[in-house]
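J.: Here's a structure for you.
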Protein chains: 4
Amino acid sequence: MFDKRKIINDPVYGFITLDHPLVLKVVAHPFYQRLRRIHQMALASLVYPGAVHTRLHHSLGAYHLMCLALDELKRKKISITAEEEAGAKVAILLHDAGHGPYSHALEGLLVPDVHHETMSLRIMQHLNEQWPGELDEAIAIFTNNHPKKFLHQLVSGQLDVDRMDYLSRDSFFTGVSEGVIGYDRIIKMLTVVEGELMVEEKAIYSIEKFLMARRLMYWQAYLHKTVLVAEQMLVQVIKRARLIQAPCHDTLSFFLNSRNEVIDDDELLNNFCALDDEDVMMAIKVWRQHDDKVLATLCRCLLDRNLLKIRIQANPVDPQFVIEKKRAVEEQLQISESEADFLVFTGIAENTIYNPQDERINILFKDGTVKDISEVDNPIIQQSMAATVGKHYICWARL
Amino acid sequence: MFDKRKIINDPVYGFITLDHPLVLKVVAHPFYQRLRRIHQMALASLVYPGAVHTRLHHSLGAYHLMCLALDELKRKKISITAEEEAGAKVAILLHDAGHGPYSHALEGLLVPDVHHETMSLRIMQHLNEQWPGELDEAIAIFTNNHPKKFLHQLVSGQLDVDRMDYLSRDSFFTGVSEGVIGYDRIIKMLTVVEGELMVEEKAIYSIEKFLMARRLMYWQAYLHKTVLVAEQMLVQVIKRARLIQAPCHDTLSFFLNSRNEVIDDDELLNNFCALDDEDVMMAIKVWRQHDDKVLATLCRCLLDRNLLKIRIQANPVDPQFVIEKKRAVEEQLQISESEADFLVFTGIAENTIYNPQDERINILFKDGTVKDISEVDNPIIQQSMAATVGKHYICWARL
Amino acid sequence: MFDKRKIINDPVYGFITLDHPLVLKVVAHPFYQRLRRIHQMALASLVYPGAVHTRLHHSLGAYHLMCLALDELKRKKISITAEEEAGAKVAILLHDAGHGPYSHALEGLLVPDVHHETMSLRIMQHLNEQWPGELDEAIAIFTNNHPKKFLHQLVSGQLDVDRMDYLSRDSFFTGVSEGVIGYDRIIKMLTVVEGELMVEEKAIYSIEKFLMARRLMYWQAYLHKTVLVAEQMLVQVIKRARLIQAPCHDTLSFFLNSRNEVIDDDELLNNFCALDDEDVMMAIKVWRQHDDKVLATLCRCLLDRNLLKIRIQANPVDPQFVIEKKRAVEEQLQISESEADFLVFTGIAENTIYNPQDERINILFKDGTVKDISEVDNPIIQQSMAATVGKHYICWARL
Amino acid sequence: MFDKRKIINDPVYGFITLDHPLVLKVVAHPFYQRLRRIHQMALASLVYPGAVHTRLHHSLGAYHLMCLALDELKRKKISITAEEEAGAKVAILLHDAGHGPYSHALEGLLVPDVHHETMSLRIMQHLNEQWPGELDEAIAIFTNNHPKKFLHQLVSGQLDVDRMDYLSRDSFFTGVSEGVIGYDRIIKMLTVVEGELMVEEKAIYSIEKFLMARRLMYWQAYLHKTVLVAEQMLVQVIKRARLIQAPCHDTLSFFLNSRNEVIDDDELLNNFCALDDEDVMMAIKVWRQHDDKVLATLCRCLLDRNLLKIRIQANPVDPQFVIEKKRAVEEQLQISESEADFLVFTGIAENTIYNPQDERINILFKDGTVKDISEVDNPIIQQSMAATVGKHYICWARL
C-alpha cells in the first residue's frame, strides 16, 4: 500500500523514520550495524552511568536532524534535489562509521595516522563500489566537493547536525540537563544565502546557548577528570600491550602487532570493520591476568573502576611531583622507571569554545547583512574565546 | 498517625510538600491565595501561550527549592534551627506577595513609588500582627537583619531560590528549552563559609550556565519584542485611564483615581490585596467600548492581540521617524498630538548579565580560597558583561 | 497583512507551525483570541496549580496533532485535497470556540440548553459569512456531512486529535505523569480503510493505554473531589446570582438576567463571544461583598480556596446526613432551608471508560480484518467497562 | 578511602546520592562493578537503540527509590532502624547481582538450574564473609527472614522498588513514553500496617496505571517479537556452541563445557563473577567464522541484525508449517534435520498482568479497611486478568 518504511523509537526525538531505499540499505549493512558496538562517549559511563549509548544511535539521531533541516530548507524554497537529499542523509549516517573502538579515546593509536573521517570516506567508497555509484552524491557532500556547499556544512561545520545531535543526545543520556540545546529552534531558523548555510537573526541567543552548552559539556562530561583518567588508562593499556606484544585474538592483534602502511588496503578495511569496543574490552578482561604487572594492573583497575588518581590545574605539573609519584610506584610494584611511565603520566586537555577564524557561524539579519556570531551586538562569543584553553593534568597510581 | 501534610503536584519538580503548621497557615491565607490571580509572566502568554502560570505557582516552587537547599546545608552540618528554617520558608513564600496586577509590567505605576518588596514586607508585618510574632524570623531574614546572612542570600541574592525557580519554571511553561538550568546540581553544591553562601568549585559550569540562561530568557522571553509592546500598551492603558478618569469598579478605581501617600495605611493594604490581574483585564474589557478613542483602541487591540508595531535597535530611534508615525496616527484617528503619545512612543529595554560589583557569586575552591565567578580561570563571565545592555525601541499603531 | 508562517513555542510538542492563510486568519480573529481567557480545566488549578492553561492553547495543540495526522495519512497515500486539509485544520481550531466561561463546569447553565458544539458551529457559520464560503469544508467536516468520514472522526471520535491533545496537555500541565499517552505512536499507526479511520494492529497497547490514561485523568483530575466541589460551588454561585438577580456588568448580566430563546440570534452570539472566565471571576470578586449571605459566602470561599467539604462514595448519600448538614448551616448562617440548598447539596459524578456500542476504535489487522479494540485477543477493554460508573457526592459548608 | 558522599547523575531521577559507608563499599566492589557489563534489557536494543542501559544503572535506580520509600515511611513514623535502612539499601543494590550474561535471555542456560536470585544471595553471602556480618540485615531482608516483612516487600513484591525502577528506566531508555509510571506518587502513598506494605486509597489509579504499564512494556518491549527472535537466536547459539564444544576463552568455556553441580562452590562463584555480556558477544564475534554452518550462521545473523523471521499468534503453530520451513533450510544450507532445529523452532511467550492469588497489592482505605487492588470499586484489574496469557511463536531462517 505504501513504500517500505521503518520507524525507530528514540527517547531523544520520539520517532526516527527511515524511508529511502538507499538509507534502508545503508542502515542494514554490517559496516553500519557495527556501530552498535562502539560507545558514543567511550568511558564516560564510568562517571555518568546512563552514557552507554552507541555511535549507531548518534548517527541515527544526526540523520533525523538532517531530515528536519532539509525539510525546513525546502520549505524556504532552497532548491534541493531528491538525489542530493538522499546523499546528505547517507553522508551523515556514515560520517562516523570510520570510528574505531572507543572512538576519540583511541583515535590515531589503534590505526596510527589515520583519522576517523578518512576511514569513514573509505567505507563510503567501499559501499559505492558494492552498489555502483549510489553513494556518489554522499561522497561529494562528505568531501566538500559538492557545488551546494551548505550540504557539506550541514554534515560538518560549526553548526552541523552532528554537533546538534551529540550535544542533545549526550546531555540526555548523561542527565546533564544544562547541556540541552534548542536544536529545533536552530533548525527552524536555518536558511541558505548564496550557497552558504546561515541562521536567521532570531536564533542568536540559541546559537550562543549552543556554543555555551558545548563548552559546558566539554568540561563537565567529555573532559571530566574521571573520564579523562579512565580514557588515558585505556591509552596506556593499548600502548603497553603493543610494546610487550601481549597476545589477543586475531582482529585486535592485526592492529596491535602489525605496521599498517596503506589505508586503501582491503585487508585493513575488513579488519577495521570487524573491530569494535568489545574486542578491546575483552582483551582487557583477559589481560588482567597477564604476567606483566603494568598491563595487569591497568586492566584490573579499569575493569573494577578503581582508577588512577588525577589532578587538573591551569599550570604545568611540577616535575618534582611527577618524579615522586613515579618513585613510589616503582617501589611498590617493583617495576622499572620506564614501566612506571604507564602508571604515572602527565598531559594537556584542550578545548576551544569557538574560533571565528576557523569557521564561521553566519547570522543573517533582516536587512540582509550577514555577521559572524562573534560580531553581533553585545556578543557573548568574543575574540577572547577563540583561544584554546589547555588544562594540565597528572595521573598516578595510588595502589 | 502523622502530622498534617499537603502534597501538591508540580509539573516542574514532581511534588511539593507543605508540612510546617505556619507554612500551611500562610498558604491558606487569602493574601497568599490572591497570587493565583496574578500571572507570573504578565503578558508573555501572548507570545508563549503556555506561559500562563501564576505567582502562586512560582512562590510554591521557590519554597520547594528552599526546602532542598536547607536540607542540603543541614547535611553539610551548617547550623540552622527549626525556627530559622520555618522563617526562611515563609520569607520565600511571601517574597512576591506584594506584587500588584501584572507584576513588573505595572510596577511603580498602579501604586506609585512603592516597590513590590516593600509591599511584601507590609504583608508579612500584617500577618505578624494577626499571628503575633510568628513571622519574626521570616521578616528578619527577608529584610537582611538576620545574623545568618546566608538565609537572606537564599531568599534574595545573585543565586537565590527565587531566580532558580523562575528560570526553571518560565523555561518550562514557555517551552524555551535553552533556559533550563541545573538547579539541582547548584543546590547540591551550595555551602556556607563564615555565614556567606558559596558554591563549590565543581559547580562553576552550572553557574555560568545559569547566568547565560538568565540572559537568554531576558532577551528571548521577558524582553521579547512582542511581549514588550504588549506590556507597554498595558502601561499606556493605565496611564490613559487615569488621565481621563475612566470609570471602573471600586477596587481598581481606588488606585487609578486617588493619590496614595502613605503605605502603612491599612486601607491601602486591604485595597491592594483585593486587587489582581482580573481587575485590570476586566476594566480593559469594559473600556474597549469607551468613548475615548485612544483608550478604546488600546484596549481592543490588546484583547484581540492586534498589537502595535515595534522596532528594536541598538541606537536611539530617529526623532523624525517618531514624528512621522505620530502624524499618521493623528490623522487616521483624528486625535491630538498629546493623544497620539499613547499610541506612538519610545523607550529602552535594559538588562545586565552579571555585575560582580553589585553582588557576588562566591566560588569555594578545594584549597579554601574564594573567588567571584568572574575571577575563575577562563571565565565566561567577564568584566565586560557588567555593563547594562540597553536596547532602544519604538512602538506605533498600524491601524 | 499576515506573516507567511508563524511558529509558536509549545512546551508539550516543541513548536507549532501555522502556515495556511485561512488558518492564520482564524487564529487572528477576536472570536479565537477570546479562548485565551477561558481556562482549559476550569477550576482544576485549585488542586493542580500548573493547570491554568487555556482553551486557545489546547486548540492550537489539537491543530498541531491534526497536521501530523494528515501528513501521516497522506504519506500512506490516502487522498486528501488541499481544501480538505485546510478544512480539517480550521474545524479542529474552532471545535471548542463555543465554550463559555469555565467550559464544562458551567455548560448548559449560562446559556441554557445550548451545547458548546452548537455554539462552535454558530461561530464557524458566522465566520463563513464574514469570509464567504471559506469555511464550507470546515463546517462539512465538523457536522459530519463530509463524504470523507475519517476527517470528521479526526475532529470528533473515540480517537480524535481533540482527546489526544487534551490528555497530553492536561497531564503535562497538572504534572500527572501517568496521564501521558503515546500520541505520536498512535498517529503513526493511523490509517483509513473505506473511508473509516483505523489504527494498525501494532498500536493496540498504545490504544489501551490511551483509554486507561483517560480513565485515570477523569478520576484523578477532571473529577478529583476538590475540583468537583469547587466547580459545583461555581454552579451554585451562578444559580444564586440569577435567582436573586445580583447586579453585575452588562455582558454577564445578559446571560444571567434574560431568557435566551434562539441561538441564531446575532445579539446572543456577540454577547457570547464577549464573555469569558474573567467576567465570571470578576463578578465573584464583586459579589463577595454582596448583602446576600449565601452568595457572599460562596464567592468568598471560592476566591480564598476555602472550599465546602465533600464526600464521595459508591452509594447514594444517606438523606438523614444531608438534613443534618443543612440544619447546621441554617442555624449558623441564620438562613432559610431553601437558601441552605446552595451550601449543602448532593450529586453524581459519572464517567465511562469506553463504550463499544457508542463508537468504535477500529483495529486493522495485518490480514485485513478489522476488530473493535474490545474484541482483540486478551483485551483490557471489555464489555464490563462499557457501563457508566457513577459516584455519589455530597458537599456541605463547614463554616 | 571513600569520599563521604557520592552524587551520581541519573537522567531518570536527576541525582542519586550514596552516603552510607557500606553502600559505598558495595558499589565499589568488583562484583558490583561487573554489572556495568550486563545490559538491563539484553538484546532489546536491536529494536530500541536507546535501550543499552546496564544492570548497574538499574540497581542504582532501585536503590534511589528505596531511599525515597524509606524516607517516606520514616516520615509516617514507621519504625526503621539505621541498620535496617542500610540493610534494605544493600539488599536492593545486590538483588540482581546474580544475573549472568544477557540476564533473563540466558537464565537457566549458562548456569543450569540456578536462578539469578540464588546467585545474588550467594554473592551477598560471599561479601558477608569478606566483611564479617555487615550484610546480615541485607540477607535477612532479601531472603524474607526479617521480622519487618515490609522491608522484603520493598525489595521483592508486587509493588517493589525493583519494578518501579525498571518500568521507569526501561520506558525512559526505549522511548516508550506510555510505559511511564507515577513512581513518586506511589511512593508518597506507601504506608505500613501491621508490618505489611500498603498503599493509601488515593493511589488506586496510579497502581492500576502501574500494572497496565507493566503489561504494555511486556508486549511492546520485553516480548516484542523482534526482541524475542533475537534472544531466542542467542539461546540457540549457546546451545549449539555447547553441543559442538565450540572453542572460546576460558571463563565462558567453564560454563559451556563443564557440568556444574554445586552452587556453593567458590570456583563457580569466581568464574561466574568474571563472566558478563562481553564474553558472550566476543565469542559470537569469533564464532561467526566457525566451520559449523549452523553456529556461524546464527552468529553472523545476530551480529549484523539480520534476524530470523518470526510469526506470533494466539494458537499453536501448524506443525506442517514448521516442517516446510525446516525442509527449506536443510536444503539451502545442506544441513541435517537436527541441525535445522537451531534455525527453525517454536515456543511460547507468556505474561500475566496481575495474579491476586499470587501476591497482593494492599489498598488501605480511609476507614481502615484493606482490600486488594482487584477488589476496589469498579476495578480495572479483575480476576480475568489473573490468567497467564501465552502467545505462540515460530522463528525460521530466511537465508
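Identifiers for the C-alpha cells are assigned positionally: chains receive A, B, ... in sequence, residues are indexed from 1 per chain, and ligands are indexed from 1 in the order shown.
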Please return, as a compact mmCIF listing (two decimals) with C-alpha atoms, in the first residue's frame, all residues of chain A lying within 8 Å of chain B when only C-alpha atoms are considered.
T.:
# COMPACT_ATOMS: atom_id res chain seq x y z
CA VAL A 176 23.47 16.87 32.42
CA SER A 177 20.39 18.97 31.82
CA GLU A 178 22.37 22.15 31.29
CA VAL A 180 20.34 20.82 26.42
CA ILE A 181 20.27 22.92 23.26
CA GLY A 182 17.38 24.30 21.24
CA TYR A 205 20.52 33.53 21.63
CA SER A 206 20.00 29.88 20.72
CA LYS A 209 23.44 28.90 24.07
CA MET A 212 27.95 27.59 25.77
CA ALA A 213 26.37 24.15 26.04
CA LEU A 216 29.89 23.03 29.39
CA TRP A 219 34.47 20.34 30.74
CA GLN A 220 31.66 18.59 32.57
CA ALA A 314 45.95 25.63 34.94
CA ASP A 377 25.66 43.45 19.27
CA ASN A 378 26.73 42.61 22.81
CA ILE A 380 28.79 36.53 24.46
CA VAL A 389 42.08 26.57 26.75
J.: I'd like the contact shell of range 319-324 of chain B - 10 Å cut-off, only C-alpha atoms, skipping same-chain residues fewer than 5 positions apart - returned as an NGL selection string.
T.: :B and (329-330 or 337 or 341 or 344-346 or 394-396)
J.: Record the distance separating CA of Phe142 in chain A and CA of Arg37 in chain A, expressed in Å with one decimal.
T.: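 Computed distance, CA of Phe142 in chain A to CA of Arg37 in chain A, equals 23.5 Å.
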J.: Within 10 Å of Val193 in chain A, counting only C-alpha atoms, which residues qualify if same-chain residues fewer than 6 places away don't, as a PDB file with N, CA and C atoms, in the first residue's frame?
T.:
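Result file follows (result-v9.pdb):
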ATOM      1  N   ILE A  78      14.631  26.621  -0.872  1.00  0.00           N
ATOM      2  CA  ILE A  78      16.002  26.336  -1.281  1.00  0.00           C
ATOM      3  C   ILE A  78      15.937  25.093  -2.154  1.00  0.00           C
ATOM      4  N   PHE A 150      26.327  24.249   1.254  1.00  0.00           N
ATOM      5  CA  PHE A 150      25.568  24.158   2.513  1.00  0.00           C
ATOM      6  C   PHE A 150      25.283  22.698   2.894  1.00  0.00           C
ATOM      7  N   VAL A 199      21.968  31.264   9.795  1.00  0.00           N
ATOM      8  CA  VAL A 199      20.818  31.232  10.702  1.00  0.00           C
ATOM      9  C   VAL A 199      20.238  32.633  10.792  1.00  0.00           C
ATOM     10  N   ASN A 362      27.300  32.041  10.476  1.00  0.00           N
ATOM     11  CA  ASN A 362      26.758  33.238   9.851  1.00  0.00           C
ATOM     12  C   ASN A 362      25.358  33.557  10.354  1.00  0.00           C
ATOM     13  N   LEU A 364      22.151  35.837   9.631  1.00  0.00           N
ATOM     14  CA  LEU A 364      21.529  36.651   8.590  1.00  0.00           C
ATOM     15  C   LEU A 364      20.550  37.633   9.232  1.00  0.00           C
ATOM     16  N   GLY A 368      19.432  41.981   5.564  1.00  0.00           N
ATOM     17  CA  GLY A 368      20.206  41.284   4.549  1.00  0.00           C
ATOM     18  C   GLY A 368      21.686  41.177   4.863  1.00  0.00           C
ATOM     19  N   VAL A 370      25.084  40.055   6.809  1.00  0.00           N
ATOM     20  CA  VAL A 370      25.499  38.798   7.419  1.00  0.00           C
ATOM     21  C   VAL A 370      26.672  39.079   8.343  1.00  0.00           C
TER      22      VAL A 370
END
J.: Applying 8 Å and only C-alpha atoms, which residues near range 269-274 of chain C remain after dropping the ones on its own chain fewer than 3 positions away? List them as a short mmCIF file (atom, residue, chain, number, x, y, z; two decimals) with all heavy atoms, in the first residue's frame.
T.:
data_model
loop_
_atom_site.label_atom_id
_atom_site.label_comp_id
_atom_site.auth_asym_id
_atom_site.auth_seq_id
_atom_site.Cartn_x
_atom_site.Cartn_y
_atom_site.Cartn_z
N PHE C 31 -12.75 36.24 17.95
CA PHE C 31 -13.51 35.10 18.49
C PHE C 31 -12.58 33.95 18.88
O PHE C 31 -12.90 33.16 19.76
CB PHE C 31 -14.54 34.59 17.46
CG PHE C 31 -15.74 35.47 17.33
CD1 PHE C 31 -15.83 36.70 17.99
CD2 PHE C 31 -16.83 35.10 16.53
CE1 PHE C 31 -16.94 37.52 17.86
CE2 PHE C 31 -17.95 35.91 16.40
CZ PHE C 31 -18.00 37.13 17.06
N ARG C 34 -10.32 35.15 21.99
CA ARG C 34 -11.09 35.06 23.24
C ARG C 34 -10.77 33.79 24.02
O ARG C 34 -10.86 33.78 25.26
CB ARG C 34 -12.59 35.09 22.88
CG ARG C 34 -13.52 34.57 23.95
CD ARG C 34 -14.94 34.48 23.42
NE ARG C 34 -15.82 33.81 24.36
CZ ARG C 34 -16.06 32.49 24.32
NH1 ARG C 34 -15.52 31.74 23.39
NH2 ARG C 34 -16.87 31.96 25.23
N GLY C 100 -18.22 28.38 26.73
CA GLY C 100 -18.42 29.59 27.52
C GLY C 100 -17.47 29.60 28.70
O GLY C 100 -16.58 28.74 28.80
N ARG C 122 -22.11 27.68 15.31
CA ARG C 122 -22.64 29.02 15.07
C ARG C 122 -21.51 30.00 14.75
O ARG C 122 -21.63 30.85 13.85
CB ARG C 122 -23.42 29.45 16.32
CG ARG C 122 -24.20 30.71 16.23
CD ARG C 122 -25.35 30.62 15.24
NE ARG C 122 -25.80 32.00 14.91
CZ ARG C 122 -25.18 32.79 14.06
NH1 ARG C 122 -24.09 32.36 13.43
NH2 ARG C 122 -25.63 34.00 13.81
N ILE C 123 -20.40 29.86 15.47
CA ILE C 123 -19.25 30.73 15.24
C ILE C 123 -18.64 30.45 13.87
O ILE C 123 -18.32 31.38 13.12
CB ILE C 123 -18.20 30.54 16.37
CG1 ILE C 123 -18.73 31.19 17.65
CG2 ILE C 123 -16.84 31.12 15.98
CD1 ILE C 123 -17.91 30.90 18.90
N THR C 251 -22.29 42.40 30.08
CA THR C 251 -22.17 41.17 29.30
C THR C 251 -22.69 39.97 30.08
O THR C 251 -23.49 39.18 29.59
CB THR C 251 -20.69 40.90 28.89
OG1 THR C 251 -20.10 42.12 28.49
CG2 THR C 251 -20.63 39.88 27.78
N PHE C 254 -26.44 39.94 30.69
CA PHE C 254 -27.23 39.48 29.54
C PHE C 254 -27.60 38.00 29.70
O PHE C 254 -28.70 37.58 29.39
CB PHE C 254 -26.43 39.68 28.25
CG PHE C 254 -27.10 39.17 27.00
CD1 PHE C 254 -27.99 39.97 26.30
CD2 PHE C 254 -26.85 37.88 26.53
CE1 PHE C 254 -28.62 39.49 25.15
CE2 PHE C 254 -27.48 37.40 25.40
CZ PHE C 254 -28.36 38.21 24.70
N ILE C 263 -30.87 30.58 19.27
CA ILE C 263 -29.43 30.65 19.22
C ILE C 263 -28.90 31.26 17.95
O ILE C 263 -27.73 31.55 17.83
CB ILE C 263 -28.75 29.27 19.45
CG1 ILE C 263 -28.91 28.39 18.21
CG2 ILE C 263 -29.24 28.59 20.69
CD1 ILE C 263 -27.65 27.74 17.81
N ASP C 264 -29.75 31.46 16.95
CA ASP C 264 -29.21 32.10 15.75
C ASP C 264 -29.30 33.63 15.85
O ASP C 264 -29.02 34.35 14.91
CB ASP C 264 -29.91 31.59 14.49
CG ASP C 264 -31.42 31.68 14.62
OD1 ASP C 264 -31.90 32.45 15.50
OD2 ASP C 264 -32.11 30.99 13.89
N ASP C 265 -29.64 34.07 17.00
CA ASP C 265 -29.73 35.50 17.28
C ASP C 265 -28.32 36.11 17.27
O ASP C 265 -27.45 35.64 18.00
CB ASP C 265 -30.38 35.67 18.65
CG ASP C 265 -30.54 37.12 19.00
OD1 ASP C 265 -30.21 38.00 18.16
OD2 ASP C 265 -30.98 37.38 20.13
N ASP C 266 -28.12 37.13 16.46
CA ASP C 266 -26.80 37.76 16.41
C ASP C 266 -26.43 38.40 17.74
O ASP C 266 -25.26 38.43 18.12
CB ASP C 266 -26.77 38.85 15.31
CG ASP C 266 -26.27 38.26 14.01
OD1 ASP C 266 -25.97 37.04 13.98
OD2 ASP C 266 -26.19 38.99 13.02
#
J.: Which value, in Å to one decimal, gives the distance between CA of Ile244 in chain A and CA of Ile38 in chain A?
T.: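 According to the coordinates, CA of Ile244 in chain A and CA of Ile38 in chain A are separated by 25.8 Å.
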J.: With only C-alpha atoms as the atoms that count, which of A:Asp277, A:Asp318, A:Asp291, A:Glu196 lies nearest to Leu43 in chain A?
T.: A:Asp277
J.: Which of these residues is nearest to Glu84 in chain D, using only C-alpha atoms: D:Asp71, D:Ile141, D:Leu197, D:Val114?
T.: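 Once distances to Glu84 in chain D are computed over only C-alpha atoms, the minimum belongs to D:Ile141.
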